[in-house]
Amino acid sequence: MPDEGAGVPCPACGALNSPDRRFCRRCATVLNPAAKPAPLPWWRTMWPLRRRVRAGSGRAVRLLVILAVLAAACAGGLLLLPAGRALVEDTRDKMSKAKPVTPVAVEAGAEVPRHPATNTTDGLSNRYWGAPAPGASVTYTFRKPFRLVDLIITNGASTSPESYPRQARALRLDLEVTTQDGERHHKELTLSDKPGPQTFPTGISDAKTIRLTLRSPAGLTPGRHLALAEVEFFARG
């Protein structure tokens, strides 16, 4: 029997074992276990580099995958950027207090006698702009560009329930906002056929001129015209 006193001691209990033994004669611990591989660096644990591969094997493929992922992320960011900017602007609109803005010029394409388009900005709800037919428009010009947050329309000849139906009303307005750099924004406003102010959130930046075109008349009969009492503009405070 081989001398058990000559050999390498067991790493667990210290008993001496012969060089040809695989397990300790006393505690059965594995003798001379294989060394564990060194841990991978953190960057090799990220997909798709989490596996060890032979030198040069698949590196080009992994590089192409990484570049494709980065390109997709950049493209997605560019697509979402306008939506994100719009969300930020809308949030600022809601958190700020709107302030009224007065135009420096009011011009109508057509108006009936004694009812000029300037009546829409005089602050009086019993005076109105009289337009002879649908398709007539009025344009408001402002001294400097501003963020148009809200538009308040008072339709008809008056806020009085008795005077309101005396003239015809436009139940739809085509809104066109032109910015300082010439960009145009279009929006359709649908009005309720009732007296009193109606508020329309807009959220258009850099408004320089605003044009309203009258559409969808109600109560337009011979001898009557379209009436629009007040138009109020509000900027972000």
# chains A, B, ... in the order shown; residues from 1 in each chain; ligands from 1
call {"tool": "select_by_dssp", "arguments": {"residues": "stretch 129-205 of chain A", "states": "strand (DSSP E)", "output": "ChimeraX atom specification"}}
result
/A:129-131,137-155,169-179,184-190,197-205
call {"tool": "residues_around", "arguments": {"residues": "A:Leu175", "least_positions_apart": "6", "cutoff": "9 Å", "atoms": "only C-alpha atoms", "output": "VMD selection string"}}
result
chain A and resid 185 to 189 210 to 213
call {"tool": "closest_residue", "arguments": {"among": "A:Ile204, A:Leu63, A:Leu228, A:Leu16", "to": "A:Ser158", "atoms": "only C-alpha atoms"}}
result
A:Leu228
call {"tool": "residues_around", "arguments": {"residues": "stretch 107-109 of chain A", "least_positions_apart": "5", "cutoff": "12 Å", "atoms": "only C-alpha atoms", "output": "count of residues only"}}
result
27
call {"tool": "closest_residue", "arguments": {"among": "A:Val112, A:Ala157, A:Leu70, A:Cys24", "to": "A:Leu124", "atoms": "only C-alpha atoms"}}
result
A:Ala157
call {"tool": "residues_around", "arguments": {"residues": "A:Ser205", "least_positions_apart": "2", "cutoff": "9 Å", "atoms": "only C-alpha atoms", "output": "PyMOL selection string"}}
result
chain A and resi 145-149+179+203+207
call {"tool": "write_last_selection", "arguments": {"atoms": "N, CA, C and O atoms", "output": "short mmCIF file (atom, residue, chain, number, x, y, z; two decimals), in the first residue's frame"}}
result
data_model
loop_
_atom_site.label_atom_id
_atom_site.label_comp_id
_atom_site.auth_asym_id
_atom_site.auth_seq_id
_atom_site.Cartn_x
_atom_site.Cartn_y
_atom_site.Cartn_z
N PRO A 145 -44.53 88.70 -32.42
CA PRO A 145 -45.02 87.31 -32.34
C PRO A 145 -45.27 86.91 -30.89
O PRO A 145 -44.60 87.38 -29.96
N PHE A 146 -46.20 85.99 -30.70
CA PHE A 146 -46.51 85.51 -29.36
C PHE A 146 -47.04 84.07 -29.44
O PHE A 146 -47.41 83.59 -30.51
N ARG A 147 -47.06 83.42 -28.32
CA ARG A 147 -47.60 82.06 -28.20
C ARG A 147 -49.11 82.17 -28.00
O ARG A 147 -49.59 82.57 -26.95
N LEU A 148 -49.88 81.83 -29.05
CA LEU A 148 -51.35 81.90 -28.98
C LEU A 148 -51.86 80.69 -28.19
O LEU A 148 -51.85 79.56 -28.68
N VAL A 149 -52.28 80.95 -26.97
CA VAL A 149 -52.72 79.87 -26.08
C VAL A 149 -54.21 79.59 -26.25
O VAL A 149 -54.63 78.44 -26.41
N THR A 179 -46.87 82.54 -38.78
CA THR A 179 -45.82 82.86 -37.82
C THR A 179 -44.87 83.91 -38.38
O THR A 179 -44.99 84.35 -39.52
N GLY A 203 -52.61 76.76 -28.81
CA GLY A 203 -51.24 76.31 -28.61
C GLY A 203 -50.37 76.44 -29.84
O GLY A 203 -49.74 75.48 -30.27
N ALA A 207 -47.10 83.41 -33.27
CA ALA A 207 -48.19 83.94 -34.09
C ALA A 207 -47.95 85.41 -34.40
O ALA A 207 -47.69 86.23 -33.50
#
call {"tool": "atom_distance", "arguments": {"atom1": "atom CA of A:Ile153", "atom2": "atom CA of A:Gln167"}}
result
16.2 Å
call {"tool": "atom_distance", "arguments": {"atom1": "atom CA of A:Arg114", "atom2": "atom CA of A:Ser163"}}
result
16.8 Å
call {"tool": "decode", "arguments": {"residues": "stretch 80-187 of chain A", "atoms": "C-alpha atoms", "output": "mmCIF file, in the first residue's frame"}}
result
data_model
loop_
_atom_site.group_PDB
_atom_site.id
_atom_site.type_symbol
_atom_site.label_atom_id
_atom_site.label_comp_id
_atom_site.auth_asym_id
_atom_site.auth_seq_id
_atom_site.Cartn_x
_atom_site.Cartn_y
_atom_site.Cartn_z
ATOM 1 C CA LEU A 80 -40.222 61.695 -30.872
ATOM 2 C CA LEU A 81 -38.544 65.091 -30.518
ATOM 3 C CA PRO A 82 -41.439 67.172 -31.999
ATOM 4 C CA ALA A 83 -43.983 65.288 -29.888
ATOM 5 C CA GLY A 84 -41.889 65.823 -26.779
ATOM 6 C CA ARG A 85 -41.499 69.522 -27.519
ATOM 7 C CA ALA A 86 -45.256 69.870 -28.045
ATOM 8 C CA LEU A 87 -45.918 68.122 -24.721
ATOM 9 C CA VAL A 88 -43.572 70.512 -22.912
ATOM 10 C CA GLU A 89 -45.213 73.550 -24.516
ATOM 11 C CA ASP A 90 -48.715 72.315 -23.659
ATOM 12 C CA THR A 91 -47.662 71.738 -20.055
ATOM 13 C CA ARG A 92 -46.253 75.266 -19.844
ATOM 14 C CA ASP A 93 -49.520 76.617 -21.306
ATOM 15 C CA LYS A 94 -51.548 74.899 -18.589
ATOM 16 C CA MET A 95 -49.247 76.014 -15.767
ATOM 17 C CA SER A 96 -49.059 79.680 -16.791
ATOM 18 C CA LYS A 97 -51.699 82.397 -16.591
ATOM 19 C CA ALA A 98 -52.851 83.583 -20.014
ATOM 20 C CA LYS A 99 -52.849 87.298 -20.754
ATOM 21 C CA PRO A 100 -54.884 89.162 -23.427
ATOM 22 C CA VAL A 101 -53.178 90.425 -26.579
ATOM 23 C CA THR A 102 -54.587 93.244 -28.713
ATOM 24 C CA PRO A 103 -53.924 93.384 -32.461
ATOM 25 C CA VAL A 104 -52.491 96.546 -34.003
ATOM 26 C CA ALA A 105 -54.474 96.163 -37.231
ATOM 27 C CA VAL A 106 -57.815 94.587 -38.218
ATOM 28 C CA GLU A 107 -58.715 94.165 -41.886
ATOM 29 C CA ALA A 108 -61.821 92.492 -43.319
ATOM 30 C CA GLY A 109 -62.296 91.249 -46.854
ATOM 31 C CA ALA A 110 -65.898 92.507 -46.740
ATOM 32 C CA GLU A 111 -68.166 94.224 -44.237
ATOM 33 C CA VAL A 112 -71.642 95.707 -44.231
ATOM 34 C CA PRO A 113 -72.178 99.424 -43.509
ATOM 35 C CA ARG A 114 -72.006 100.505 -39.822
ATOM 36 C CA HIS A 115 -70.638 97.111 -38.777
ATOM 37 C CA PRO A 116 -66.867 97.182 -39.374
ATOM 38 C CA ALA A 117 -64.525 94.341 -38.441
ATOM 39 C CA THR A 118 -62.897 96.536 -35.777
ATOM 40 C CA ASN A 119 -66.032 95.953 -33.679
ATOM 41 C CA THR A 120 -64.696 92.458 -32.932
ATOM 42 C CA THR A 121 -61.875 93.898 -30.787
ATOM 43 C CA ASP A 122 -63.607 96.857 -29.106
ATOM 44 C CA GLY A 123 -64.558 94.920 -25.960
ATOM 45 C CA LEU A 124 -68.291 95.548 -26.496
ATOM 46 C CA SER A 125 -70.509 92.511 -27.028
ATOM 47 C CA ASN A 126 -73.459 94.512 -28.424
ATOM 48 C CA ARG A 127 -71.490 95.670 -31.492
ATOM 49 C CA TYR A 128 -70.404 93.268 -34.185
ATOM 50 C CA TRP A 129 -68.692 92.734 -37.516
ATOM 51 C CA GLY A 130 -71.259 92.297 -40.256
ATOM 52 C CA ALA A 131 -70.174 90.064 -43.146
ATOM 53 C CA PRO A 132 -72.387 89.906 -46.248
ATOM 54 C CA ALA A 133 -71.860 86.203 -47.043
ATOM 55 C CA PRO A 134 -69.992 83.027 -46.059
ATOM 56 C CA GLY A 135 -66.354 83.037 -47.100
ATOM 57 C CA ALA A 136 -65.750 86.538 -45.775
ATOM 58 C CA SER A 137 -62.591 86.780 -43.687
ATOM 59 C CA VAL A 138 -60.979 89.095 -41.165
ATOM 60 C CA THR A 139 -57.227 89.329 -40.518
ATOM 61 C CA TYR A 140 -55.608 90.448 -37.254
ATOM 62 C CA THR A 141 -51.993 91.642 -37.203
ATOM 63 C CA PHE A 142 -49.932 91.863 -34.003
ATOM 64 C CA ARG A 143 -46.986 94.047 -33.086
ATOM 65 C CA LYS A 144 -44.721 91.125 -32.186
ATOM 66 C CA PRO A 145 -45.020 87.312 -32.338
ATOM 67 C CA PHE A 146 -46.513 85.509 -29.358
ATOM 68 C CA ARG A 147 -47.603 82.064 -28.201
ATOM 69 C CA LEU A 148 -51.347 81.897 -28.981
ATOM 70 C CA VAL A 149 -52.721 79.870 -26.077
ATOM 71 C CA ASP A 150 -56.470 80.496 -26.306
ATOM 72 C CA LEU A 151 -58.949 82.117 -28.661
ATOM 73 C CA ILE A 152 -62.326 83.317 -27.347
ATOM 74 C CA ILE A 153 -65.126 83.826 -29.865
ATOM 75 C CA THR A 154 -68.416 85.593 -29.110
ATOM 76 C CA ASN A 155 -70.702 84.735 -31.992
ATOM 77 C CA GLY A 156 -73.806 86.518 -33.300
ATOM 78 C CA ALA A 157 -75.000 90.076 -32.966
ATOM 79 C CA SER A 158 -75.018 90.199 -29.160
ATOM 80 C CA THR A 159 -74.673 88.149 -25.979
ATOM 81 C CA SER A 160 -78.295 88.961 -25.233
ATOM 82 C CA PRO A 161 -80.537 85.924 -25.929
ATOM 83 C CA GLU A 162 -83.110 88.269 -27.494
ATOM 84 C CA SER A 163 -80.665 90.057 -29.841
ATOM 85 C CA TYR A 164 -78.442 87.092 -30.666
ATOM 86 C CA PRO A 165 -80.678 85.524 -33.368
ATOM 87 C CA ARG A 166 -81.511 88.810 -35.118
ATOM 88 C CA GLN A 167 -78.681 88.259 -37.595
ATOM 89 C CA ALA A 168 -77.160 85.125 -39.100
ATOM 90 C CA ARG A 169 -74.200 83.331 -37.465
ATOM 91 C CA ALA A 170 -71.270 81.316 -38.782
ATOM 92 C CA LEU A 171 -71.154 77.929 -37.063
ATOM 93 C CA ARG A 172 -67.655 77.144 -38.340
ATOM 94 C CA LEU A 173 -64.529 79.294 -38.561
ATOM 95 C CA ASP A 174 -61.394 78.474 -40.506
ATOM 96 C CA LEU A 175 -58.434 79.618 -38.432
ATOM 97 C CA GLU A 176 -55.138 80.394 -40.164
ATOM 98 C CA VAL A 177 -52.164 81.495 -38.076
ATOM 99 C CA THR A 178 -49.044 82.795 -39.826
ATOM 100 C CA THR A 179 -45.817 82.857 -37.821
ATOM 101 C CA GLN A 180 -42.954 85.325 -37.941
ATOM 102 C CA ASP A 181 -41.008 83.127 -40.422
ATOM 103 C CA GLY A 182 -44.009 82.630 -42.729
ATOM 104 C CA GLU A 183 -45.116 79.171 -41.556
ATOM 105 C CA ARG A 184 -48.892 78.691 -41.612
ATOM 106 C CA HIS A 185 -51.041 76.706 -39.187
ATOM 107 C CA HIS A 186 -54.649 75.784 -39.980
ATOM 108 C CA LYS A 187 -57.390 74.755 -37.597
#
